[in-house]
Amino acid sequence: MKKTSLFLLLLILCTSYRLRAQSFSLITGREPVASLDGLWRFHVGDNATWANPSFDDSQWPLLRSDESWSEQGYPGYSGMAWYRFTVTVPAGMDSVSLMLPQFRTSYQVYANGVLIGTYGKMPPHGVAYSGGDDSVYALPRATGTDQTIEIAIRVWQWKGWAKYRGGGPMTGGGLIGQSKMVADRSTSLVHSNLWNHSSPMILALLQTLAGITALALFLLRRSEREYLWFSVFILLAGAGNAWLVVYETSHAWNVVLSNDLNDGVRAVCASLAEMLFYLYLLKGKRTLLYWSGVICLFILMPIVGPFFWGHLHLWSAPARNSFQAVLRLPMYAWILILLLTRVRQNLPDARLLLAPVLLQETVTLFQYAAVVTLDLGWQHKLGYNIPMTNRPFAITMQQAADALFLLAVLAILIYRFTRTRREEERYASEMEAGRNMQSLLVPTIAPSTPGFRTESVYFPASEVGGDFFQVVPGDNGSLLIVVGDVSGKGLKAAMTVSAIVGALRGCVTRKPSDVLRYLNRVLCGQISGFVTCSAALITAEGAMTIANAGNPAPYLNGTEVAGASGLPLGILAEGGYEERCFELEDGDRLTFVSDGVVEATNEKKELFGFERTQAISHRPAQDIAATAQAFGQVDDICVLAVTRLATKKVAIA
Amino acid sequence: MKKTILLILFLLLSDIGGLHAQTFSLITGRQPVASLDGLWRFHGGDDPAWADPNFDDSQWPLLRSDKDWAQQGYKGYSGFAWYRFRVLIASGSDHLSLLLPPIATSYQVYVDGKLIGSFSQMPPHELVRMPMPAVYPMDIGKAAGPKEATVALRVWHWSGWAAFDGGGTQTGSGLVGATSLIEVQLQHLNDARLLSNGASYSLAILTGTAAMMALLLFVVRRKETEYLWFAIYEFSLAILFTLNVYDDTHAVPLFRRDMAETFVSFIAQLSLVFFLQRLLRGRRSVLFYMAIAAVAAYPISYLVLMLGLIGNVGEVGVGNAVFSLVVFAWACNLLVRRAKDDLPDARLLLAPVLISMGLGSASDVLWGAFQLGWTKIYYGQYNLFNYPFPFPVDYLVAVLFLIAMLAILGNRFMRSRREEQRLTGEFAAARSMQSLLIPATVPNTPGFTVESVYLPAQEVGGDFFQILPGDDGSLLIVVGDVSGKGLKAAMTVSTIVGALRNEKERQPTRVLSNLNCVLHGQVSGFVICMAALIEADGAMTLANAGNLAPYRNGKELAANSGLPLGFLAEGTYSETHSQLAPGDRLTFVSDGVVEATNEKRELFGFERTEAISTQPASAIASAAKSFGQKDDISVLSVTRTANMRADTA
């Protein structure tokens, strides 16, 4: 017998060495950690002497330490209660800690009458706390001998949930052991718990990214409000998921305050943003149902949940959850009716959203039903976060439905993107065709003009322009030049140009004032806006007649040809136009510029102006146009230059 | 002394009863788990006798179980080696398990000479896997008294790792104890390891989603192949991230895993190069082909290593660093050049791509150096944040890249929307312009009732008509259709209307030949047209240039037709004469009515047109439109009113 005891003593001594030499004993070499699962002494009420280690608790009933007191003969009890148990700690173990399971609601831990830790807030200002895995409490340093420590836990159960959730420990799993060991166990519990919250983490990440994208889209196009409300909605949903992770995995949080902020503010705002998103996306109407949805969410929801339940304890959680589910119904009905109406109208956005939204709404209501029936005790299988799968981490039905919804919205974005691109392409190719058409009507390749050299440049500000010119050589060697500018820009002006060119083609007269009168008659009442125009006829001998209807005067060898101007075309039905006559010498050069040259504007908002225009007006047409364009084109630029050739005159003479 | 023993025995016994009453002892009530950290007997080589519990290992050296053997005097050793240690078990305990820490590379576990499990596969069919903790149930049966079990580990270490990673135990924290506790412990270890890879999980989902979206974009816009390359790139990244995760949940055979990783990395690199080239319209320069060659060199060099042609993982690593620098140089060159050209896509991508490729190259260089043993650190050990899971710096670039791509798409989307909106406005203006040229309100036509409907297929149309009442009570009607549709046709319509507006000539054949003159050489395509002059007494002259014949009181009114306008410089057209009695109704329809096509590809056709030609113009037009409009629809009907005729008479 002596031998055995010596052997045992030897083994015990061996364990105190950090490194054991090749033998590992499950008898004496156990890890310095013991479970606290078992029976604890329990007593309701509150008495400061119950913390005292010498207090005799042998008359107190024994309760299991892995479930609440409600399940062990104290159903619905709220307020104060004490637990007591004893731990023995070996000599020489310098640092020992307790790890307690989750309690409802707040508590204080005493070791041998000394307060060593508090969870939550105790009365008189008791506040319910929840969440967190950091309930590890260091015991006082051990003395030289084996030591017995009396642990007393003073628990306060919050009235808010006493009726349907019991007080005291929620689960087993409490430990006592060497501090490092306990800390390691606690850390691995935290990691395990975090890992099981991967689903909300990832959802929060995706929702945040989607929210930022939508916000960026909105900032680029303020007129499309659905992006703003989607971004608000999805960012708040992401915040909800992130909050869930932080709430359930980090430290303890004030239940009432977080319920106020999360249910009372965040969730309500998210639902409102959701309604506004559908309103703008599906061009819904603010019907009676819409307003009842808004009132239910914005006014009744915060009253039912945070205020009546959290602060006044008017009703229990099942009632609160039932009310919350019912208050969501008008909103759900409004969204569904709107969606179905639009689906029937074949709106692709609505068709993409129908299934995910239906699923989302069903799952949310099902979830509410599960929680309510669980709290009422009608069923025990389904609770918060009904899982679809547990591997590799828990994914709830709600989370899966949320992810699906996100995908549907992404699909809508892609659909819109491609539709817009297609439309843009179609318009662009139409415009290209229009431009080709216009280059036939206003050709920059001048017709053969014996006796004259013409140069022309045409730079429309957009695809097609509102400037025009026609050079019509006559049989007698004369040249009729018509240049002009339709007010406005772009396609509308280009269509007017086409009509003018058509009219000019059919025009029989070559007398400048008659040409203008003729055009005026054609245009009057047929266009919006007006047309400035000048017409000039140069005979083979160099006699030039010019009439002007509000167009900039041409330049003759770099000097402006001054002359009276009539009203622009298209304003008064009967307008008269004065003619002026000049003589063109051999080599004289007549240059018409449109106001796109004079009005070219640079980055400093300076105009190109008449002086600069005049200064370069003797240069080739191409040069003038390119200079104005480089300066800063804001309108169509058109330059036409006619030079009277010497040789021809000699030939005729 | 006796008392003490009794007490100890009592306490040992009380341990067995599941629930402790009120007292929890850290002396006697400890959980049945013991650490295996300590000194284990170790011996190189291989001998089946070493599994035997009775083998005397007292001469074997003792090695720490929390470090590899390379750090304890066996540097670079690869091949077989054995560990031995003993476990003391209390009487009556069953369901015990060993939790062994990660041990490199493969091993077998013997308890009392009996093989109870193995990790991966030993030679001759060796498999190299990433080491990870594993649980082995001990199956020792119920013993009467305390007993001792001998655990022997037969370990094999792969020579490929031996140069830079020692074999055997790596970290310690092995356990022996009650199976239920050991399994919970393993679960926690696994969860913690999975959590440490949370970044890979998240990015696998993120990149996978991005890949699906990009693929969808490509499917609807086949011309834009950059979306396809982007989808392939993101999909490859998703696979790589998933592989990372898979490593931690499954013991993956290393060669197969590395082959897969090498191949997918190759695809990722290649698709990235093609994506950038397509997106930024890079030329196929020499540098581009060098980049492609460098991308291809990576899997080839790995294959060479696997076939044993060159010896060293480090050399391959350094080679990779060089290859990745070539790709980096190409991308730098292209991006900077395009960014200088003010391409918005290039400016959005510049920072993320350069950072990602730069860091990638730096990491390849460091990894090569690490594998050669030149440095002790390698990049990738640094985390951006640690809560809720560690997020390595190099993962950030994947996110940055995605955000840049999102920005590019957003930018494109918004630019398209702006452009679409501008052009919609332009076309709306064009339409309002056209409605001035072809007015919906008919001018005052004494003696005649005129109805007209104009329904262009698009914003603007190529059909036209003009109603020109004369001073003498006559009415000149010109109807026609420009070949083609849309804007181009609409601009020709403008020209025609401009030419017709001030037309002094009222003789139908002259009207047509004048129009022909105006149009010849000025339009692409051609114009069909009909002119009809109705005198106040009902005498009607028609001239036709390829237009559909009109209907008189529901019957087609045949008219000789010349060539369409715009073909020949000099067009000649013959006249057809006819008479309109009071109350007679003359209806002109454009071919958009006849050629309306329904979903079954049936044409509206001449018969149906003729049958409804007595109805009001708006009824005819809407019948054709609802049948299935394909082209511009215009309908013009003229009724000679009876009383007017009486006046004239």
# chains A, B, ... in the order shown; residues from 1 in each chain; ligands from 1

$ residues_around --residues "Leu115 of chain A" --least-positions-apart "6" --cutoff "9 Å" --atoms "only C-alpha atoms" --output "ChimeraX atom specification"
/A:51,108-109

$ residues_around --residues "segment 267-269 of chain A" --least-positions-apart "3" --cutoff "8 Å" --atoms "only C-alpha atoms" --output "list in words"
Phe233, Leu236, Ala237, Gly240, Asn262, Asp263, Gly264, Leu272, Ala273, Leu297, Phe298, Met301 and Pro302 of chain A

$ residues_around --residues "segment 465-468 of chain A" --least-positions-apart "6" --cutoff "7 Å" --atoms "only C-alpha atoms" --output "ChimeraX atom specification"
/A:442,483-486,488-490,493-494,497,636,638

$ write_last_selection --atoms "all heavy atoms" --output "mmCIF file, in the first residue's frame"
data_model
loop_
_atom_site.group_PDB
_atom_site.id
_atom_site.type_symbol
_atom_site.label_atom_id
_atom_site.label_comp_id
_atom_site.auth_asym_id
_atom_site.auth_seq_id
_atom_site.Cartn_x
_atom_site.Cartn_y
_atom_site.Cartn_z
ATOM 1 N N VAL A 442 -25.706 68.880 -97.663
ATOM 2 C CA VAL A 442 -24.789 70.015 -97.550
ATOM 3 C C VAL A 442 -23.391 69.480 -97.864
ATOM 4 O O VAL A 442 -22.602 69.236 -96.959
ATOM 5 C CB VAL A 442 -24.848 70.622 -96.128
ATOM 6 C CG1 VAL A 442 -24.021 71.889 -96.049
ATOM 7 C CG2 VAL A 442 -26.279 70.908 -95.737
ATOM 8 N N VAL A 483 -25.890 80.981 -97.770
ATOM 9 C CA VAL A 483 -25.397 80.415 -96.511
ATOM 10 C C VAL A 483 -26.338 80.836 -95.410
ATOM 11 O O VAL A 483 -26.972 81.898 -95.504
ATOM 12 C CB VAL A 483 -23.968 80.879 -96.160
ATOM 13 C CG1 VAL A 483 -22.958 80.426 -97.193
ATOM 14 C CG2 VAL A 483 -23.908 82.382 -95.990
ATOM 15 N N GLY A 484 -26.437 80.001 -94.368
ATOM 16 C CA GLY A 484 -27.352 80.371 -93.307
ATOM 17 C C GLY A 484 -27.202 79.488 -92.093
ATOM 18 O O GLY A 484 -26.364 78.587 -92.046
ATOM 19 N N ASP A 485 -28.037 79.758 -91.120
ATOM 20 C CA ASP A 485 -27.914 79.094 -89.827
ATOM 21 C C ASP A 485 -29.314 79.000 -89.238
ATOM 22 O O ASP A 485 -29.991 80.007 -89.064
ATOM 23 C CB ASP A 485 -26.992 79.938 -88.932
ATOM 24 C CG ASP A 485 -26.814 79.314 -87.562
ATOM 25 O OD1 ASP A 485 -27.371 78.227 -87.316
ATOM 26 O OD2 ASP A 485 -26.124 79.927 -86.738
ATOM 27 N N VAL A 486 -29.760 77.776 -88.953
ATOM 28 C CA VAL A 486 -31.056 77.591 -88.317
ATOM 29 C C VAL A 486 -30.874 77.777 -86.822
ATOM 30 O O VAL A 486 -29.908 77.267 -86.251
ATOM 31 C CB VAL A 486 -31.600 76.179 -88.623
ATOM 32 C CG1 VAL A 486 -32.910 75.946 -87.915
ATOM 33 C CG2 VAL A 486 -31.743 75.987 -90.112
ATOM 34 N N GLY A 488 -31.054 77.143 -82.979
ATOM 35 C CA GLY A 488 -31.047 75.837 -82.322
ATOM 36 C C GLY A 488 -29.961 74.968 -82.902
ATOM 37 O O GLY A 488 -29.237 75.358 -83.805
ATOM 38 N N LYS A 489 -29.841 73.780 -82.340
ATOM 39 C CA LYS A 489 -28.771 72.874 -82.721
ATOM 40 C C LYS A 489 -29.341 71.491 -82.912
ATOM 41 O O LYS A 489 -30.509 71.244 -82.654
ATOM 42 C CB LYS A 489 -27.731 72.814 -81.587
ATOM 43 C CG LYS A 489 -26.526 73.698 -81.807
ATOM 44 C CD LYS A 489 -25.503 73.477 -80.713
ATOM 45 C CE LYS A 489 -25.976 74.020 -79.378
ATOM 46 N NZ LYS A 489 -24.892 74.011 -78.377
ATOM 47 N N GLY A 490 -28.504 70.590 -83.352
ATOM 48 C CA GLY A 490 -28.861 69.173 -83.336
ATOM 49 C C GLY A 490 -29.888 68.800 -84.380
ATOM 50 O O GLY A 490 -30.054 69.431 -85.416
ATOM 51 N N ALA A 493 -32.699 71.235 -85.819
ATOM 52 C CA ALA A 493 -32.150 72.193 -86.769
ATOM 53 C C ALA A 493 -31.802 71.485 -88.075
ATOM 54 O O ALA A 493 -32.031 72.023 -89.167
ATOM 55 C CB ALA A 493 -30.912 72.859 -86.165
ATOM 56 N N ALA A 494 -31.299 70.245 -87.958
ATOM 57 C CA ALA A 494 -30.879 69.515 -89.154
ATOM 58 C C ALA A 494 -32.068 69.217 -90.055
ATOM 59 O O ALA A 494 -31.968 69.246 -91.283
ATOM 60 C CB ALA A 494 -30.185 68.221 -88.754
ATOM 61 N N VAL A 497 -32.790 72.265 -91.900
ATOM 62 C CA VAL A 497 -31.804 72.412 -92.976
ATOM 63 C C VAL A 497 -32.237 71.605 -94.196
ATOM 64 O O VAL A 497 -32.189 72.092 -95.333
ATOM 65 C CB VAL A 497 -30.407 71.981 -92.493
ATOM 66 C CG1 VAL A 497 -29.443 71.841 -93.669
ATOM 67 C CG2 VAL A 497 -29.865 72.976 -91.487
ATOM 68 N N ASP A 636 -22.424 74.916 -84.242
ATOM 69 C CA ASP A 636 -21.964 74.438 -85.544
ATOM 70 C C ASP A 636 -21.023 75.471 -86.164
ATOM 71 O O ASP A 636 -21.268 76.675 -86.083
ATOM 72 C CB ASP A 636 -23.150 74.237 -86.483
ATOM 73 C CG ASP A 636 -24.206 73.343 -85.855
ATOM 74 O OD1 ASP A 636 -23.822 72.356 -85.201
ATOM 75 O OD2 ASP A 636 -25.403 73.652 -86.010
ATOM 76 N N CYS A 638 -19.296 76.684 -89.686
ATOM 77 C CA CYS A 638 -19.378 76.521 -91.132
ATOM 78 C C CYS A 638 -18.633 77.695 -91.773
ATOM 79 O O CYS A 638 -18.869 78.840 -91.400
ATOM 80 C CB CYS A 638 -20.850 76.482 -91.525
ATOM 81 S SG CYS A 638 -21.124 76.494 -93.273
#

$ residues_around --residues "Val327 of chain B" --least-positions-apart "2" --cutoff "8 Å" --atoms "only C-alpha atoms" --output "PDB file with N, CA, C and O atoms, in the first residue's frame"
ATOM      1  N   VAL B 273      -4.809  39.246 -68.411  1.00  0.00           N
ATOM      2  CA  VAL B 273      -4.079  39.893 -69.504  1.00  0.00           C
ATOM      3  C   VAL B 273      -5.028  40.201 -70.663  1.00  0.00           C
ATOM      4  O   VAL B 273      -5.058  41.324 -71.180  1.00  0.00           O
ATOM      5  N   MET B 290       5.202  38.799 -74.912  1.00  0.00           N
ATOM      6  CA  MET B 290       6.095  38.405 -73.817  1.00  0.00           C
ATOM      7  C   MET B 290       5.294  38.131 -72.552  1.00  0.00           C
ATOM      8  O   MET B 290       5.583  37.190 -71.802  1.00  0.00           O
ATOM      9  N   ALA B 291       4.291  38.988 -72.308  1.00  0.00           N
ATOM     10  CA  ALA B 291       3.451  38.800 -71.122  1.00  0.00           C
ATOM     11  C   ALA B 291       2.717  37.466 -71.198  1.00  0.00           C
ATOM     12  O   ALA B 291       2.666  36.713 -70.212  1.00  0.00           O
ATOM     13  N   ILE B 292       2.175  37.148 -72.390  1.00  0.00           N
ATOM     14  CA  ILE B 292       1.474  35.876 -72.552  1.00  0.00           C
ATOM     15  C   ILE B 292       2.438  34.713 -72.295  1.00  0.00           C
ATOM     16  O   ILE B 292       2.118  33.756 -71.584  1.00  0.00           O
ATOM     17  N   ALA B 294       5.100  34.765 -70.504  1.00  0.00           N
ATOM     18  CA  ALA B 294       5.447  34.707 -69.082  1.00  0.00           C
ATOM     19  C   ALA B 294       4.337  34.028 -68.289  1.00  0.00           C
ATOM     20  O   ALA B 294       4.600  33.240 -67.368  1.00  0.00           O
ATOM     21  N   VAL B 295       3.086  34.326 -68.668  1.00  0.00           N
ATOM     22  CA  VAL B 295       1.955  33.681 -67.984  1.00  0.00           C
ATOM     23  C   VAL B 295       2.003  32.171 -68.211  1.00  0.00           C
ATOM     24  O   VAL B 295       1.796  31.380 -67.292  1.00  0.00           O
ATOM     25  N   PHE B 323       8.797  36.038 -64.127  1.00  0.00           N
ATOM     26  CA  PHE B 323       7.660  36.018 -65.074  1.00  0.00           C
ATOM     27  C   PHE B 323       6.629  37.070 -64.694  1.00  0.00           C
ATOM     28  O   PHE B 323       6.115  37.798 -65.537  1.00  0.00           O
ATOM     29  N   SER B 324       6.306  37.130 -63.404  1.00  0.00           N
ATOM     30  CA  SER B 324       5.234  38.048 -63.009  1.00  0.00           C
ATOM     31  C   SER B 324       5.684  39.500 -63.219  1.00  0.00           C
ATOM     32  O   SER B 324       4.856  40.375 -63.458  1.00  0.00           O
ATOM     33  N   LEU B 325       6.999  39.753 -63.142  1.00  0.00           N
ATOM     34  CA  LEU B 325       7.483  41.114 -63.401  1.00  0.00           C
ATOM     35  C   LEU B 325       7.267  41.508 -64.861  1.00  0.00           C
ATOM     36  O   LEU B 325       6.965  42.666 -65.149  1.00  0.00           O
ATOM     37  N   ALA B 329       5.139  44.636 -66.106  1.00  0.00           N
ATOM     38  CA  ALA B 329       5.676  45.679 -66.988  1.00  0.00           C
ATOM     39  C   ALA B 329       4.691  45.974 -68.123  1.00  0.00           C
ATOM     40  O   ALA B 329       4.410  47.134 -68.444  1.00  0.00           O
ATOM     41  N   TRP B 330       4.133  44.912 -68.706  1.00  0.00           N
ATOM     42  CA  TRP B 330       3.181  45.094 -69.811  1.00  0.00           C
ATOM     43  C   TRP B 330       1.945  45.874 -69.355  1.00  0.00           C
ATOM     44  O   TRP B 330       1.521  46.842 -69.984  1.00  0.00           O
ATOM     45  N   ALA B 331       1.411  45.441 -68.213  1.00  0.00           N
ATOM     46  CA  ALA B 331       0.186  46.074 -67.710  1.00  0.00           C
ATOM     47  C   ALA B 331       0.448  47.538 -67.365  1.00  0.00           C
ATOM     48  O   ALA B 331      -0.348  48.423 -67.689  1.00  0.00           O
TER      49      ALA B 331
END

$ interface_residues --of "chain B" --to "chain A" --cutoff "6 Å" --atoms "only C-alpha atoms" --output "NGL selection string"
:B and (19-27 or 29-31 or 33-34 or 38-40 or 85-90 or 188 or 191-192 or 195 or 202 or 413 or 416 or 420 or 426 or 429-430 or 436 or 487-488 or 491 or 494-496 or 498-499 or 501-502 or 518 or 522)

$ atom_distance --atom1 "atom CA of Ile534 of chain B" --atom2 "atom CA of Glu610 of chain B"
22.0 Å

$ residues_around --residues "segment 371-386 of chain A" --least-positions-apart "2" --cutoff "7 Å" --atoms "only C-alpha atoms" --output "list in words"
Tyr164, Pro318, Asn321, Ser322, Gln367, Tyr368, Ala369, Met388, Thr396 and Met397 of chain A

$ atom_distance --atom1 "atom CA of Gly73 of chain B" --atom2 "atom CA of Tyr110 of chain B"
25.0 Å

$ residues_around --residues "Gly592 of chain B" --least-positions-apart "3" --cutoff "7 Å" --atoms "only C-alpha atoms" --output "PyMOL selection string"
chain B and resi 595-596+630-633

$ select_by_dssp --residues "segment 144-215 of chain A" --states "strand (DSSP E or B)" --output "ChimeraX atom specification"
/A:147-157,168-169,175-178

$ write_last_selection --atoms "N, CA and C atoms" --output "short mmCIF file (atom, residue, chain, number, x, y, z; two decimals), in the first residue's frame"
data_model
loop_
_atom_site.label_atom_id
_atom_site.label_comp_id
_atom_site.auth_asym_id
_atom_site.auth_seq_id
_atom_site.Cartn_x
_atom_site.Cartn_y
_atom_site.Cartn_z
N GLN A 147 -7.22 24.96 -1.25
CA GLN A 147 -8.10 26.01 -0.78
C GLN A 147 -9.52 25.74 -1.23
N THR A 148 -10.47 26.05 -0.38
CA THR A 148 -11.88 25.93 -0.74
C THR A 148 -12.44 27.34 -0.88
N ILE A 149 -13.08 27.58 -1.99
CA ILE A 149 -13.63 28.92 -2.21
C ILE A 149 -15.13 28.80 -2.40
N GLU A 150 -15.88 29.63 -1.65
CA GLU A 150 -17.33 29.67 -1.81
C GLU A 150 -17.68 30.68 -2.91
N ILE A 151 -18.37 30.20 -3.92
CA ILE A 151 -18.79 31.10 -4.99
C ILE A 151 -20.27 31.39 -4.80
N ALA A 152 -20.63 32.68 -4.81
CA ALA A 152 -22.05 33.05 -4.74
C ALA A 152 -22.35 33.94 -5.95
N ILE A 153 -23.47 33.63 -6.60
CA ILE A 153 -23.85 34.44 -7.76
C ILE A 153 -25.19 35.09 -7.49
N ARG A 154 -25.19 36.41 -7.52
CA ARG A 154 -26.40 37.18 -7.23
C ARG A 154 -27.01 37.55 -8.59
N VAL A 155 -28.18 36.97 -8.87
CA VAL A 155 -28.75 37.12 -10.21
C VAL A 155 -29.98 38.02 -10.16
N TRP A 156 -30.11 38.85 -11.20
CA TRP A 156 -31.34 39.64 -11.35
C TRP A 156 -31.96 39.32 -12.71
N GLN A 157 -33.23 38.88 -12.66
CA GLN A 157 -33.92 38.55 -13.92
C GLN A 157 -34.83 39.71 -14.29
N GLY A 168 -31.49 32.79 -14.64
CA GLY A 168 -30.37 31.94 -14.27
C GLY A 168 -29.63 31.46 -15.49
N PRO A 169 -28.81 30.38 -15.30
CA PRO A 169 -27.99 29.92 -16.43
C PRO A 169 -28.85 29.40 -17.58
N LEU A 175 -16.89 26.56 -16.39
CA LEU A 175 -15.61 25.92 -16.11
C LEU A 175 -14.92 26.63 -14.98
N ILE A 176 -14.06 25.87 -14.28
CA ILE A 176 -13.10 26.50 -13.39
C ILE A 176 -11.75 25.90 -13.76
N GLY A 177 -10.71 26.69 -13.73
CA GLY A 177 -9.41 26.13 -14.08
C GLY A 177 -8.35 27.18 -14.07
N GLN A 178 -7.15 26.71 -14.43
CA GLN A 178 -6.02 27.61 -14.53
C GLN A 178 -6.40 28.71 -15.53
#

$ residues_around --residues "Leu282 of chain A" --least-positions-apart "5" --cutoff "8 Å" --atoms "only C-alpha atoms" --output "ChimeraX atom specification"
/A:338-339,342,349-350

$ write_last_selection --atoms "all heavy atoms" --output "PDB file, in the first residue's frame"
ATOM      1  N   LEU A 338     -48.472  45.969 -55.960  1.00  0.00           N
ATOM      2  CA  LEU A 338     -47.750  46.787 -56.939  1.00  0.00           C
ATOM      3  C   LEU A 338     -46.966  45.889 -57.905  1.00  0.00           C
ATOM      4  O   LEU A 338     -47.015  46.062 -59.130  1.00  0.00           O
ATOM      5  CB  LEU A 338     -46.807  47.734 -56.199  1.00  0.00           C
ATOM      6  CG  LEU A 338     -45.971  48.688 -57.053  1.00  0.00           C
ATOM      7  CD1 LEU A 338     -46.867  49.557 -57.899  1.00  0.00           C
ATOM      8  CD2 LEU A 338     -45.082  49.555 -56.169  1.00  0.00           C
ATOM      9  N   LEU A 339     -46.261  44.906 -57.312  1.00  0.00           N
ATOM     10  CA  LEU A 339     -45.456  43.999 -58.133  1.00  0.00           C
ATOM     11  C   LEU A 339     -46.327  43.235 -59.128  1.00  0.00           C
ATOM     12  O   LEU A 339     -46.006  43.157 -60.321  1.00  0.00           O
ATOM     13  CB  LEU A 339     -44.744  42.990 -57.229  1.00  0.00           C
ATOM     14  CG  LEU A 339     -43.288  43.280 -56.887  1.00  0.00           C
ATOM     15  CD1 LEU A 339     -42.776  42.236 -55.934  1.00  0.00           C
ATOM     16  CD2 LEU A 339     -42.427  43.313 -58.130  1.00  0.00           C
ATOM     17  N   ARG A 342     -47.536  45.318 -61.982  1.00  0.00           N
ATOM     18  CA  ARG A 342     -46.497  45.594 -62.965  1.00  0.00           C
ATOM     19  C   ARG A 342     -46.104  44.340 -63.741  1.00  0.00           C
ATOM     20  O   ARG A 342     -45.725  44.425 -64.894  1.00  0.00           O
ATOM     21  CB  ARG A 342     -45.269  46.187 -62.279  1.00  0.00           C
ATOM     22  CG  ARG A 342     -45.496  47.559 -61.693  1.00  0.00           C
ATOM     23  CD  ARG A 342     -45.729  48.604 -62.787  1.00  0.00           C
ATOM     24  NE  ARG A 342     -45.992  49.915 -62.200  1.00  0.00           N
ATOM     25  CZ  ARG A 342     -47.200  50.425 -62.036  1.00  0.00           C
ATOM     26  NH1 ARG A 342     -48.262  49.749 -62.423  1.00  0.00           N
ATOM     27  NH2 ARG A 342     -47.366  51.604 -61.481  1.00  0.00           N
ATOM     28  N   ASP A 349     -38.550  44.549 -64.729  1.00  0.00           N
ATOM     29  CA  ASP A 349     -38.060  44.705 -63.354  1.00  0.00           C
ATOM     30  C   ASP A 349     -38.950  43.955 -62.374  1.00  0.00           C
ATOM     31  O   ASP A 349     -38.476  43.279 -61.457  1.00  0.00           O
ATOM     32  CB  ASP A 349     -38.053  46.190 -62.959  1.00  0.00           C
ATOM     33  CG  ASP A 349     -37.028  46.982 -63.745  1.00  0.00           C
ATOM     34  OD1 ASP A 349     -36.287  46.348 -64.520  1.00  0.00           O
ATOM     35  OD2 ASP A 349     -36.977  48.200 -63.599  1.00  0.00           O
ATOM     36  N   ALA A 350     -40.263  44.085 -62.574  1.00  0.00           N
ATOM     37  CA  ALA A 350     -41.216  43.454 -61.661  1.00  0.00           C
ATOM     38  C   ALA A 350     -41.127  41.941 -61.771  1.00  0.00           C
ATOM     39  O   ALA A 350     -41.183  41.231 -60.772  1.00  0.00           O
ATOM     40  CB  ALA A 350     -42.631  43.924 -61.972  1.00  0.00           C
TER      41      ALA A 350
END
